[in-house]
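Heads up, input04.txt below (compact mmCIF, C-alpha atoms):
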# COMPACT_ATOMS: atom_id res chain seq x y z
CA MET G 1 0.00 0.00 0.00
CA GLU G 2 1.16 3.53 -0.79
CA SER G 3 0.19 4.71 2.67
CA GLU G 4 2.38 2.04 4.31
CA ASN G 5 5.43 3.30 2.44
CA HIS G 6 4.54 6.89 3.33
CA PRO G 7 3.06 6.91 6.85
CA LYS G 8 2.72 10.71 6.65
CA HIS G 9 0.76 10.61 3.43
CA LYS G 10 -1.72 13.49 3.18
CA ALA G 11 -5.08 13.38 1.45
CA GLY G 12 -8.27 15.38 1.50
CA PHE G 13 -11.24 16.85 -0.31
CA VAL G 14 -10.98 20.43 -1.53
CA ASN G 15 -14.41 21.68 -2.60
CA ILE G 16 -14.91 24.76 -4.75
CA VAL G 17 -18.18 26.64 -4.25
CA GLY G 18 -19.50 30.06 -5.22
CA ASN G 19 -21.95 31.98 -7.37
CA PRO G 20 -22.30 31.41 -11.12
CA ASN G 21 -19.66 32.85 -13.46
CA VAL G 22 -16.94 33.53 -10.88
CA GLY G 23 -14.54 31.02 -12.49
CA LYS G 24 -14.96 27.79 -10.50
CA SER G 25 -14.39 25.48 -13.47
CA THR G 26 -11.43 27.56 -14.69
CA LEU G 27 -9.86 27.31 -11.23
CA MET G 28 -10.55 23.57 -11.02
CA ASN G 29 -8.83 22.93 -14.35
CA ALA G 30 -5.89 25.17 -13.38
CA LEU G 31 -5.31 23.39 -10.07
CA VAL G 32 -5.73 19.88 -11.51
CA GLY G 33 -3.68 20.66 -14.60
CA GLU G 34 -6.20 18.96 -16.87
CA ARG G 35 -9.39 20.05 -18.63
CA ILE G 36 -11.87 18.29 -16.35
CA SER G 37 -14.73 20.83 -16.30
CA ILE G 38 -16.26 22.50 -19.34
CA ILE G 39 -16.00 26.28 -19.49
CA THR G 40 -18.21 28.86 -21.22
CA SER G 41 -19.16 32.46 -20.52
CA LYS G 42 -22.75 31.42 -19.79
CA ALA G 43 -24.06 30.95 -16.26
CA GLN G 44 -24.99 27.45 -15.06
CA THR G 45 -22.44 25.77 -17.31
CA THR G 46 -21.61 23.22 -14.59
CA ARG G 47 -24.57 21.05 -13.62
CA HIS G 48 -22.90 18.16 -11.79
CA ARG G 49 -20.36 17.87 -9.01
CA ILE G 50 -17.13 16.82 -10.70
CA LEU G 51 -13.98 15.50 -9.04
CA GLY G 52 -10.46 16.18 -10.30
CA ILE G 53 -7.65 14.33 -8.54
CA VAL G 54 -4.02 15.45 -8.11
CA ASN G 55 -1.55 12.76 -7.02
CA THR G 56 2.04 12.82 -5.80
CA ASP G 57 3.97 10.12 -3.93
CA ASP G 58 2.99 11.51 -0.54
CA MET G 59 -0.21 13.40 -1.31
CA GLN G 60 -3.64 13.12 -2.94
CA ILE G 61 -5.82 16.21 -3.41
CA VAL G 62 -9.40 15.56 -4.47
CA PHE G 63 -10.79 18.76 -5.96
CA SER G 64 -14.53 19.13 -6.44
CA ASP G 65 -16.13 21.56 -8.91
CA THR G 66 -19.75 22.39 -8.14
CA PRO G 67 -22.64 24.20 -9.87
CA GLY G 68 -23.00 27.91 -9.25
CA VAL G 69 -25.21 28.73 -6.28
CA LEU G 70 -28.60 30.07 -7.35
CA ARG G 71 -32.20 30.23 -6.25
CA PRO G 72 -33.78 27.22 -7.98
CA VAL G 73 -36.78 27.57 -10.29
CA SER G 74 -36.82 23.93 -11.46
CA LYS G 75 -36.14 20.50 -10.02
CA LEU G 76 -32.93 20.40 -12.06
CA GLN G 77 -31.72 23.57 -10.32
CA GLU G 78 -32.79 22.14 -6.96
CA SER G 79 -30.49 19.20 -7.65
CA MET G 80 -27.68 21.54 -8.73
CA LEU G 81 -28.07 23.51 -5.48
CA ALA G 82 -27.99 20.26 -3.50
CA PHE G 83 -24.61 19.44 -5.09
CA SER G 84 -23.27 22.82 -3.94
CA GLN G 85 -24.70 22.55 -0.44
CA SER G 86 -23.33 19.03 0.03
CA ALA G 87 -19.88 20.44 -0.72
CA LEU G 88 -20.12 22.45 2.51
CA GLN G 89 -20.46 19.27 4.53
CA ASP G 90 -17.80 16.89 3.25
CA ALA G 91 -14.81 19.15 2.61
CA ASP G 92 -11.49 19.17 4.40
CA ILE G 93 -10.80 22.52 2.74
CA LEU G 94 -13.53 24.76 1.32
CA LEU G 95 -12.63 27.26 -1.38
CA TYR G 96 -15.32 29.95 -1.47
CA LEU G 97 -14.71 31.50 -4.87
CA THR G 98 -15.77 35.06 -5.49
CA ASP G 99 -14.35 37.65 -7.86
CA THR G 100 -13.48 41.33 -8.08
CA VAL G 101 -16.66 42.31 -9.95
CA GLU G 102 -19.57 40.48 -8.31
CA SER G 103 -21.61 41.86 -5.44
CA PRO G 104 -21.14 39.98 -2.14
CA GLU G 105 -24.88 40.40 -1.53
CA LYS G 106 -25.63 38.24 -4.57
CA ASN G 107 -26.39 35.19 -2.42
CA GLU G 108 -26.27 36.20 1.23
CA GLN G 109 -28.02 33.03 2.44
CA PHE G 110 -25.31 30.72 1.09
CA LEU G 111 -22.54 33.05 2.25
CA ALA G 112 -24.04 32.96 5.75
CA LYS G 113 -23.63 29.18 5.76
CA VAL G 114 -19.99 29.55 4.78
CA LYS G 115 -19.47 32.12 7.55
CA GLN G 116 -20.99 29.76 10.11
CA LEU G 117 -18.45 27.11 9.13
CA THR G 118 -15.58 29.51 9.83
CA ILE G 119 -17.08 30.46 13.21
CA ASN G 120 -17.55 26.82 14.24
CA ASN G 121 -13.97 26.05 13.22
CA GLU G 122 -12.56 28.98 15.19
CA GLU G 123 -14.60 28.22 18.32
CA LEU G 124 -13.55 24.57 18.43
CA THR G 125 -9.91 25.43 17.80
CA ASN G 126 -9.93 27.99 20.62
CA SER G 127 -11.45 25.45 22.98
CA GLY G 128 -8.70 22.95 22.22
CA LEU G 129 -11.02 20.55 20.39
CA SER G 130 -10.51 19.21 16.89
CA SER G 131 -12.90 20.69 14.36
CA SER G 132 -15.00 18.73 11.90
CA SER G 133 -15.63 21.91 9.92
CA PRO G 134 -13.49 22.53 6.85
CA HIS G 135 -10.75 25.11 6.61
CA VAL G 136 -12.30 27.97 4.62
CA ILE G 137 -10.30 30.01 2.12
CA VAL G 138 -11.93 32.90 0.30
CA VAL G 139 -10.43 32.91 -3.19
CA LEU G 140 -10.78 36.34 -4.78
CA ASN G 141 -10.62 35.65 -8.51
CA LYS G 142 -10.05 37.99 -11.49
CA MET G 143 -7.51 40.13 -9.65
CA ASP G 144 -6.19 41.16 -13.08
CA LEU G 145 -9.35 43.21 -13.68
CA VAL G 146 -8.68 45.77 -10.91
CA ASP G 147 -5.78 47.96 -9.81
CA GLN G 148 -3.75 47.29 -6.66
CA ASP G 149 -5.57 49.83 -4.47
CA THR G 150 -8.96 48.37 -5.38
CA LEU G 151 -7.68 44.85 -4.73
CA VAL G 152 -6.40 45.79 -1.27
CA LYS G 153 -9.78 47.35 -0.49
CA LEU G 154 -11.65 44.24 -1.64
CA VAL G 155 -9.45 41.96 0.44
CA GLU G 156 -10.14 44.09 3.51
CA GLU G 157 -13.88 44.01 2.82
CA TRP G 158 -13.81 40.23 2.64
CA HIS G 159 -11.82 40.09 5.90
CA GLN G 160 -14.65 42.03 7.51
CA ARG G 161 -17.30 39.68 6.09
CA LEU G 162 -15.43 36.48 6.97
CA PRO G 163 -12.88 37.44 9.66
CA ASP G 164 -11.97 33.81 10.42
CA ALA G 165 -11.19 32.88 6.80
CA GLU G 166 -7.99 33.41 4.86
CA ILE G 167 -8.29 35.59 1.73
CA ILE G 168 -6.15 34.75 -1.32
CA PRO G 169 -6.43 36.87 -4.49
CA ILE G 170 -5.79 35.05 -7.78
CA SER G 171 -6.41 35.09 -11.50
CA ALA G 172 -7.41 31.54 -12.42
CA LEU G 173 -7.38 32.41 -16.12
CA HIS G 174 -3.84 33.79 -16.11
CA GLY G 175 -2.37 31.66 -13.30
CA PHE G 176 -1.63 34.55 -10.92
CA GLY G 177 -1.67 33.43 -7.28
CA THR G 178 -2.61 29.82 -8.01
CA ASP G 179 0.80 28.54 -6.84
CA LEU G 180 0.29 30.27 -3.50
CA LEU G 181 -3.20 28.82 -3.24
CA MET G 182 -1.93 25.33 -4.01
CA SER G 183 0.84 25.66 -1.39
CA LYS G 184 -1.76 26.65 1.22
CA ILE G 185 -3.96 23.70 0.28
CA LYS G 186 -1.02 21.28 0.67
CA GLU G 187 -0.20 22.81 4.05
CA LEU G 188 -3.76 22.33 5.35
CA LEU G 189 -4.34 18.78 4.06
CA PRO G 190 -4.76 16.23 6.87
CA GLU G 191 -2.62 13.11 7.19
CA CYS G 192 -4.61 10.36 5.55
CA PRO G 193 -4.18 7.47 3.10
CA PRO G 194 -5.37 8.07 -0.47
CA TYR G 195 -9.09 7.84 -1.18
CA PHE G 196 -8.65 6.79 -4.82
CA GLU G 197 -6.14 4.79 -6.82
CA LYS G 198 -2.97 6.77 -7.41
CA ASP G 199 -3.44 6.85 -11.19
CA ALA G 200 -7.02 8.21 -10.95
CA LEU G 201 -7.74 11.61 -12.49
CA THR G 202 -11.49 11.80 -11.82
CA ASP G 203 -14.42 9.78 -10.51
CA LYS G 204 -16.42 10.20 -13.72
CA PRO G 205 -16.61 7.58 -16.52
CA ALA G 206 -15.59 8.29 -20.13
CA ARG G 207 -19.21 8.68 -21.25
CA PHE G 208 -19.68 11.58 -18.84
CA PHE G 209 -16.99 13.66 -20.53
CA VAL G 210 -18.51 12.98 -23.94
CA THR G 211 -21.85 14.37 -22.73
CA GLU G 212 -20.13 17.38 -21.18
CA ILE G 213 -18.17 18.21 -24.34
CA ILE G 214 -21.33 18.02 -26.46
CA ARG G 215 -23.23 20.15 -23.94
CA GLU G 216 -20.41 22.70 -23.98
CA LYS G 217 -20.80 23.08 -27.75
CA ILE G 218 -24.54 23.58 -27.32
CA LEU G 219 -23.82 26.36 -24.84
CA LEU G 220 -21.38 27.96 -27.29
CA LEU G 221 -23.49 27.65 -30.45
CA TYR G 222 -27.03 28.43 -29.31
CA ASP G 223 -28.59 31.39 -27.51
CA LYS G 224 -31.38 32.17 -25.08
CA GLU G 225 -33.19 29.20 -23.57
CA ILE G 226 -31.90 26.48 -25.92
CA PRO G 227 -28.76 25.44 -23.96
CA TYR G 228 -30.65 25.29 -20.66
CA SER G 229 -33.40 23.15 -22.18
CA CYS G 230 -30.94 20.51 -23.44
CA GLU G 231 -29.41 17.42 -21.89
CA VAL G 232 -27.13 14.86 -23.52
CA SER G 233 -27.06 11.09 -23.13
CA VAL G 234 -24.51 8.69 -24.65
CA GLU G 235 -26.39 5.68 -25.95
CA SER G 236 -23.35 3.70 -27.11
CA PHE G 237 -19.59 3.98 -26.64
CA LYS G 238 -17.59 1.32 -28.47
CA GLU G 239 -13.82 1.58 -28.50
CA ASP G 240 -11.33 -0.48 -30.47
CA GLU G 241 -7.60 -0.03 -31.12
CA THR G 242 -7.93 2.79 -33.66
CA ILE G 243 -11.33 4.47 -33.23
CA ILE G 244 -14.18 5.14 -30.80
CA HIS G 245 -17.73 4.87 -32.12
CA ILE G 246 -20.10 7.08 -30.13
CA SER G 247 -23.84 7.55 -30.49
CA ALA G 248 -25.38 10.39 -28.48
CA ILE G 249 -28.86 11.80 -28.04
CA ILE G 250 -29.52 15.48 -27.36
CA TYR G 251 -32.78 15.94 -25.49
CA CYS G 252 -34.74 19.19 -25.67
CA GLU G 253 -38.16 20.16 -24.35
CA ARG G 254 -40.09 21.38 -27.41
CA GLU G 255 -40.39 20.62 -31.12
CA SER G 256 -39.47 24.23 -31.93
CA GLN G 257 -36.19 23.75 -30.06
CA LYS G 258 -35.50 20.60 -32.02
CA GLY G 259 -35.79 22.56 -35.27
CA ILE G 260 -33.36 25.21 -34.03
CA LEU G 261 -30.87 22.57 -32.88
CA ILE G 262 -30.95 20.85 -36.29
CA GLY G 263 -30.85 24.09 -38.30
CA HIS G 264 -31.50 24.62 -42.01
CA LYS G 265 -30.91 21.32 -43.80
CA GLY G 266 -29.13 20.00 -40.70
CA ALA G 267 -26.34 22.62 -40.86
CA MET G 268 -26.29 23.50 -37.14
CA LEU G 269 -26.33 19.89 -35.98
CA ARG G 270 -23.45 19.05 -38.34
CA ARG G 271 -21.48 22.02 -37.02
CA LEU G 272 -22.17 20.94 -33.45
CA GLY G 273 -21.09 17.38 -34.22
CA THR G 274 -17.86 18.48 -35.89
CA MET G 275 -16.86 20.77 -33.01
CA ALA G 276 -17.68 18.13 -30.39
CA ARG G 277 -15.90 15.34 -32.29
CA LYS G 278 -12.66 17.32 -32.49
CA ASP G 279 -12.63 17.97 -28.75
CA ILE G 280 -13.57 14.37 -27.94
CA GLU G 281 -10.69 13.17 -30.13
CA ALA G 282 -8.33 15.51 -28.28
CA PHE G 283 -9.66 14.32 -24.92
CA PHE G 284 -9.20 10.62 -25.68
CA ASN G 285 -6.25 11.07 -28.09
CA LYS G 286 -7.96 8.77 -30.57
CA LYS G 287 -10.05 9.05 -33.73
CA VAL G 288 -13.78 9.34 -33.04
CA MET G 289 -16.89 8.59 -35.11
CA LEU G 290 -19.68 10.62 -33.50
CA THR G 291 -23.36 10.33 -34.38
CA THR G 292 -25.89 12.68 -32.77
CA PHE G 293 -29.68 12.57 -32.69
CA ILE G 294 -32.29 15.01 -31.32
CA LYS G 295 -35.25 13.88 -29.23
CA VAL G 296 -37.99 15.89 -27.54
CA GLU G 297 -38.55 15.13 -23.84
CA PRO G 298 -41.16 17.64 -22.59
CA ASN G 299 -40.42 19.31 -19.23
CA TRP G 300 -37.51 16.96 -18.42
CA ARG G 301 -36.04 19.57 -16.03
CA ASN G 302 -38.97 19.00 -13.66
CA ASN G 303 -39.41 15.25 -14.14
CA PRO G 304 -37.75 13.25 -11.31
CA ARG G 305 -37.53 10.13 -13.50
CA ASP G 306 -35.71 12.01 -16.27
CA LEU G 307 -33.42 13.77 -13.79
CA ASN G 308 -32.52 10.45 -12.20
CA ARG G 309 -31.79 8.98 -15.64
CA PHE G 310 -29.48 11.91 -16.43
CA GLY G 311 -27.56 11.47 -13.18
CA TYR G 312 -28.98 14.28 -11.06
CA ASN G 313 -30.57 11.94 -8.52
CA PRO G 314 -33.03 14.35 -6.94
CA GLU G 315 -34.21 13.49 -3.45
The structure in this file should be written as structure tokens.
Amino acid sequence: MESENHPKHKAGFVNIVGNPNVGKSTLMNALVGERISIITSKAQTTRHRILGIVNTDDMQIVFSDTPGVLRPVSKLQESMLAFSQSALQDADILLYLTDTVESPEKNEQFLAKVKQLTINNEELTNSGLSSSSPHVIVVLNKMDLVDQDTLVKLVEEWHQRLPDAEIIPISALHGFGTDLLMSKIKELLPECPPYFEKDALTDKPARFFVTEIIREKILLLYDKEIPYSCEVSVESFKEDETIIHISAIIYCERESQKGILIGHKGAMLRRLGTMARKDIEAFFNKKVMLTTFIKVEPNWRNNPRDLNRFGYNPE
């Protein structure tokens, strides 16, 4: 066992939470060093909780990307919020990601839960007891968008809001401050054997990343409600030595959406398929034959059976 050879092996769960569009997926990919989470400029890009695992001989860091915190208006969004809230409970280190442009009042209820974690941690530490609450780090992203004086002011404001949390400014997109953040994470990790095999990169199967890549292209190519009305399912994934044959279904909620997805004489669907195929080939480093179909599944975002089938597992 790896842990027997390294009795001081460290391992832990580092969960990234925050409002939509603050850069959680960009930070996750930067810290893991691999493109695990899809990234677009649209809100609610991440729907699932996705693990990215960093391994060294004496350490395993299990990062967790979560959906942006929002007030749910559908059962799908209720499930997404549940993923984010669960990340508050099972973290060794909690990264509350904000940025230099969003208003801290954007989701005061969720922020209050984060603050309570820092208070619990501080009280138990002062009493000499070990804390079950995570270490909380406020990660102030997009520091490149403001000048130094503004940044100092923002850091001080966050110290006032969460006085028991550490504040680390970064730019996830440009890599500023991420080394410091990673050093702090390594310092705070508890001694523990690894949770996953040492060659593991994520907990998700290959099919999941196919669906995410296709969904990313939908977010990039279509506007308004279309991307949020779509879900992707891989019906078959057959791999041999030289090629992967993939058949995927894109579900939407209305016939009118189906027409928009297909486009004039199938042009939009072909464009979508070409873009997705190229990224899937890059992800698996192998030639891919991708076939996509469109099906209408009315109101799937509020249907517990559909949500369970798509992996959202609503309670």
Neighbour list for Ala11 of chain G as a ChimeraX atom specification, cut-off 10 Å, all atoms listed in the file, skip fewer than 6 positions in-chain:
/G:54-55,58-62,92,186,188-196
As a PDB file with C-alpha atoms, in the coordinates of the input, please: the residues near Met182 of chain G (cut-off 12 Å, only C-alpha atoms, same-chain neighbours under 5 positions excluded).
ATOM      1  CA  VAL G  14     -10.980  20.430  -1.530  1.00  0.00           C
ATOM      2  CA  LEU G  27      -9.860  27.310 -11.230  1.00  0.00           C
ATOM      3  CA  MET G  28     -10.550  23.570 -11.020  1.00  0.00           C
ATOM      4  CA  ALA G  30      -5.890  25.170 -13.380  1.00  0.00           C
ATOM      5  CA  LEU G  31      -5.310  23.390 -10.070  1.00  0.00           C
ATOM      6  CA  VAL G  32      -5.730  19.880 -11.510  1.00  0.00           C
ATOM      7  CA  GLY G  33      -3.680  20.660 -14.600  1.00  0.00           C
ATOM      8  CA  VAL G  54      -4.020  15.450  -8.110  1.00  0.00           C
ATOM      9  CA  ILE G  61      -5.820  16.210  -3.410  1.00  0.00           C
ATOM     10  CA  PHE G  63     -10.790  18.760  -5.960  1.00  0.00           C
ATOM     11  CA  ILE G  93     -10.800  22.520   2.740  1.00  0.00           C
ATOM     12  CA  LEU G  95     -12.630  27.260  -1.380  1.00  0.00           C
ATOM     13  CA  ILE G 137     -10.300  30.010   2.120  1.00  0.00           C
ATOM     14  CA  VAL G 139     -10.430  32.910  -3.190  1.00  0.00           C
ATOM     15  CA  ILE G 168      -6.150  34.750  -1.320  1.00  0.00           C
ATOM     16  CA  ILE G 170      -5.790  35.050  -7.780  1.00  0.00           C
ATOM     17  CA  ALA G 172      -7.410  31.540 -12.420  1.00  0.00           C
ATOM     18  CA  GLY G 175      -2.370  31.660 -13.300  1.00  0.00           C
ATOM     19  CA  PHE G 176      -1.630  34.550 -10.920  1.00  0.00           C
ATOM     20  CA  GLY G 177      -1.670  33.430  -7.280  1.00  0.00           C
ATOM     21  CA  GLU G 187      -0.200  22.810   4.050  1.00  0.00           C
ATOM     22  CA  LEU G 188      -3.760  22.330   5.350  1.00  0.00           C
ATOM     23  CA  LEU G 189      -4.340  18.780   4.060  1.00  0.00           C
TER      24      LEU G 189
END
Between atom CA of Ala82 of chain G and atom CA of Leu140 of chain G lies a distance of 23.6 Å
From the list G:Asp57, G:Thr98, G:Pro72, G:Lys286, the nearest residue to Ile16 of chain G using all atoms listed in the file is G:Thr98
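Going from atom CA of Val232 of chain G over to atom CA of Thr66 of chain G, you cover 18.6 Å.
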Residues near segment 145-161 of chain G, anyone? I mean within 12 Å using all atoms listed in the file, not counting same-chain ones fewer than 5 positions away, as a PDB file with C-alpha atoms, in the coordinates of the input.
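Written file, selection-v7.pdb:
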ATOM      1  CA  TYR G  96     -15.320  29.950  -1.470  1.00  0.00           C
ATOM      2  CA  LEU G  97     -14.710  31.500  -4.870  1.00  0.00           C
ATOM      3  CA  THR G  98     -15.770  35.060  -5.490  1.00  0.00           C
ATOM      4  CA  ASP G  99     -14.350  37.650  -7.860  1.00  0.00           C
ATOM      5  CA  THR G 100     -13.480  41.330  -8.080  1.00  0.00           C
ATOM      6  CA  VAL G 101     -16.660  42.310  -9.950  1.00  0.00           C
ATOM      7  CA  GLU G 102     -19.570  40.480  -8.310  1.00  0.00           C
ATOM      8  CA  SER G 103     -21.610  41.860  -5.440  1.00  0.00           C
ATOM      9  CA  PRO G 104     -21.140  39.980  -2.140  1.00  0.00           C
ATOM     10  CA  GLU G 105     -24.880  40.400  -1.530  1.00  0.00           C
ATOM     11  CA  GLU G 108     -26.270  36.200   1.230  1.00  0.00           C
ATOM     12  CA  LEU G 111     -22.540  33.050   2.250  1.00  0.00           C
ATOM     13  CA  ALA G 112     -24.040  32.960   5.750  1.00  0.00           C
ATOM     14  CA  VAL G 114     -19.990  29.550   4.780  1.00  0.00           C
ATOM     15  CA  LYS G 115     -19.470  32.120   7.550  1.00  0.00           C
ATOM     16  CA  GLN G 116     -20.990  29.760  10.110  1.00  0.00           C
ATOM     17  CA  THR G 118     -15.580  29.510   9.830  1.00  0.00           C
ATOM     18  CA  ILE G 119     -17.080  30.460  13.210  1.00  0.00           C
ATOM     19  CA  ILE G 137     -10.300  30.010   2.120  1.00  0.00           C
ATOM     20  CA  VAL G 138     -11.930  32.900   0.300  1.00  0.00           C
ATOM     21  CA  VAL G 139     -10.430  32.910  -3.190  1.00  0.00           C
ATOM     22  CA  LEU G 140     -10.780  36.340  -4.780  1.00  0.00           C
ATOM     23  CA  GLU G 166      -7.990  33.410   4.860  1.00  0.00           C
ATOM     24  CA  ILE G 167      -8.290  35.590   1.730  1.00  0.00           C
ATOM     25  CA  ILE G 168      -6.150  34.750  -1.320  1.00  0.00           C
ATOM     26  CA  PRO G 169      -6.430  36.870  -4.490  1.00  0.00           C
ATOM     27  CA  ILE G 170      -5.790  35.050  -7.780  1.00  0.00           C
ATOM     28  CA  SER G 171      -6.410  35.090 -11.500  1.00  0.00           C
ATOM     29  CA  ALA G 172      -7.410  31.540 -12.420  1.00  0.00           C
ATOM     30  CA  LEU G 173      -7.380  32.410 -16.120  1.00  0.00           C
ATOM     31  CA  HIS G 174      -3.840  33.790 -16.110  1.00  0.00           C
ATOM     32  CA  PHE G 176      -1.630  34.550 -10.920  1.00  0.00           C
TER      33      PHE G 176
END
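Take the candidates G:Glu212, G:Asp279, G:Glu235, G:Asp144 and check each one against Ser247 of chain G using only C-alpha atoms; the shortest distance goes to G:Glu235.
For the atom pair formed by atom CA of Gln109 of chain G and atom CA of Leu76 of chain G, the distance is 19.8 Å, given to one decimal.
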Among G:Asn285, G:Asn299, G:Ser133, G:Ser86, Arg254 of chain G is approached most closely, using only C-alpha atoms, by G:Asn299
Of G:Leu94, G:Met275, G:Leu219, G:Ile250, the one sitting nearest Ile39 of chain G when using only C-alpha atoms is G:Leu219
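Comparing G:Met289, G:Ile246, G:Met143, G:Leu269 by their smallest distance to Thr178 of chain G, the closest is G:Met143 (using only C-alpha atoms).
Checking G:Phe293, G:Leu81, G:Leu220, G:Trp300 one by one against Gly266 of chain G, counting all atoms listed in the file, you find the shortest gap at G:Phe293.
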Using only C-alpha atoms, what residues lie at most 8 Å away from (-25.4, 26.9, -5.2) (file coordinates), given as a compact mmCIF listing (two decimals) with C-alpha atoms, in the coordinates of the input?
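As a result, out36.txt now contains:
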# COMPACT_ATOMS: atom_id res chain seq x y z
CA VAL G 17 -18.18 26.64 -4.25
CA GLY G 18 -19.50 30.06 -5.22
CA ASN G 19 -21.95 31.98 -7.37
CA THR G 66 -19.75 22.39 -8.14
CA PRO G 67 -22.64 24.20 -9.87
CA GLY G 68 -23.00 27.91 -9.25
CA VAL G 69 -25.21 28.73 -6.28
CA LEU G 70 -28.60 30.07 -7.35
CA ARG G 71 -32.20 30.23 -6.25
CA MET G 80 -27.68 21.54 -8.73
CA LEU G 81 -28.07 23.51 -5.48
CA ALA G 82 -27.99 20.26 -3.50
CA PHE G 83 -24.61 19.44 -5.09
CA SER G 84 -23.27 22.82 -3.94
CA GLN G 85 -24.70 22.55 -0.44
CA PHE G 110 -25.31 30.72 1.09
Centre and edge lengths of an axis-aligned box around all listed atoms of segment 275-293 of chain G, with 3 Å added on each side, are to be given in Å to one decimal, as AutoDock Vina command-line options.
--center_x -18.0 --center_y 14.7 --center_z -30.0 --size_x 29.4 --size_y 18.2 --size_z 16.2
Distance query 12 Å from (-8.9, 17.5, -26.0) using all atoms listed in the file, result as a CSV table (one decimal) with C-alpha atoms, in the coordinates of the input:
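Just written: part12.csv:
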chain,number,residue,atom,x,y,z
G,34,GLU,CA,-6.2,19.0,-16.9
G,35,ARG,CA,-9.4,20.0,-18.6
G,36,ILE,CA,-11.9,18.3,-16.4
G,37,SER,CA,-14.7,20.8,-16.3
G,38,ILE,CA,-16.3,22.5,-19.3
G,209,PHE,CA,-17.0,13.7,-20.5
G,210,VAL,CA,-18.5,13.0,-23.9
G,213,ILE,CA,-18.2,18.2,-24.3
G,275,MET,CA,-16.9,20.8,-33.0
G,276,ALA,CA,-17.7,18.1,-30.4
G,277,ARG,CA,-15.9,15.3,-32.3
G,278,LYS,CA,-12.7,17.3,-32.5
G,279,ASP,CA,-12.6,18.0,-28.8
G,280,ILE,CA,-13.6,14.4,-27.9
G,281,GLU,CA,-10.7,13.2,-30.1
G,282,ALA,CA,-8.3,15.5,-28.3
G,283,PHE,CA,-9.7,14.3,-24.9
G,284,PHE,CA,-9.2,10.6,-25.7
G,285,ASN,CA,-6.2,11.1,-28.1
G,286,LYS,CA,-8.0,8.8,-30.6
G,287,LYS,CA,-10.0,9.0,-33.7
G,288,VAL,CA,-13.8,9.3,-33.0
Can you take the partial segment 213-225 of chain G, add N, CA and C atoms, and return it as a PDB file, in the coordinates of the input?
ATOM      1  N   ILE G 213     -18.746  17.524 -23.176  1.00  0.00           N
ATOM      2  CA  ILE G 213     -18.170  18.210 -24.340  1.00  0.00           C
ATOM      3  C   ILE G 213     -19.276  18.598 -25.322  1.00  0.00           C
ATOM      4  N   ILE G 214     -20.216  17.693 -25.563  1.00  0.00           N
ATOM      5  CA  ILE G 214     -21.330  18.020 -26.460  1.00  0.00           C
ATOM      6  C   ILE G 214     -22.161  19.151 -25.879  1.00  0.00           C
ATOM      7  N   ARG G 215     -22.423  19.100 -24.584  1.00  0.00           N
ATOM      8  CA  ARG G 215     -23.230  20.150 -23.940  1.00  0.00           C
ATOM      9  C   ARG G 215     -22.505  21.496 -23.986  1.00  0.00           C
ATOM     10  N   GLU G 216     -21.182  21.461 -23.863  1.00  0.00           N
ATOM     11  CA  GLU G 216     -20.410  22.700 -23.980  1.00  0.00           C
ATOM     12  C   GLU G 216     -20.611  23.346 -25.344  1.00  0.00           C
ATOM     13  N   LYS G 217     -20.611  22.527 -26.401  1.00  0.00           N
ATOM     14  CA  LYS G 217     -20.800  23.080 -27.750  1.00  0.00           C
ATOM     15  C   LYS G 217     -22.200  23.646 -27.934  1.00  0.00           C
ATOM     16  N   ILE G 218     -23.185  23.036 -27.279  1.00  0.00           N
ATOM     17  CA  ILE G 218     -24.540  23.580 -27.320  1.00  0.00           C
ATOM     18  C   ILE G 218     -24.572  24.955 -26.666  1.00  0.00           C
ATOM     19  N   LEU G 219     -23.886  25.077 -25.529  1.00  0.00           N
ATOM     20  CA  LEU G 219     -23.820  26.360 -24.840  1.00  0.00           C
ATOM     21  C   LEU G 219     -23.127  27.422 -25.702  1.00  0.00           C
ATOM     22  N   LEU G 220     -22.136  27.019 -26.471  1.00  0.00           N
ATOM     23  CA  LEU G 220     -21.380  27.960 -27.290  1.00  0.00           C
ATOM     24  C   LEU G 220     -22.123  28.362 -28.568  1.00  0.00           C
ATOM     25  N   LEU G 221     -22.893  27.423 -29.138  1.00  0.00           N
ATOM     26  CA  LEU G 221     -23.490  27.650 -30.450  1.00  0.00           C
ATOM     27  C   LEU G 221     -24.891  28.252 -30.416  1.00  0.00           C
ATOM     28  N   TYR G 222     -25.623  28.029 -29.333  1.00  0.00           N
ATOM     29  CA  TYR G 222     -27.030  28.430 -29.310  1.00  0.00           C
ATOM     30  C   TYR G 222     -27.275  29.473 -28.208  1.00  0.00           C
ATOM     31  N   ASP G 223     -28.293  30.292 -28.420  1.00  0.00           N
ATOM     32  CA  ASP G 223     -28.590  31.390 -27.510  1.00  0.00           C
ATOM     33  C   ASP G 223     -29.876  31.144 -26.742  1.00  0.00           C
ATOM     34  N   LYS G 224     -30.141  32.097 -25.853  1.00  0.00           N
ATOM     35  CA  LYS G 224     -31.380  32.170 -25.080  1.00  0.00           C
ATOM     36  C   LYS G 224     -31.617  30.893 -24.293  1.00  0.00           C
ATOM     37  N   GLU G 225     -32.813  30.313 -24.422  1.00  0.00           N
ATOM     38  CA  GLU G 225     -33.190  29.200 -23.570  1.00  0.00           C
ATOM     39  C   GLU G 225     -32.679  27.849 -24.072  1.00  0.00           C
TER      40      GLU G 225
END
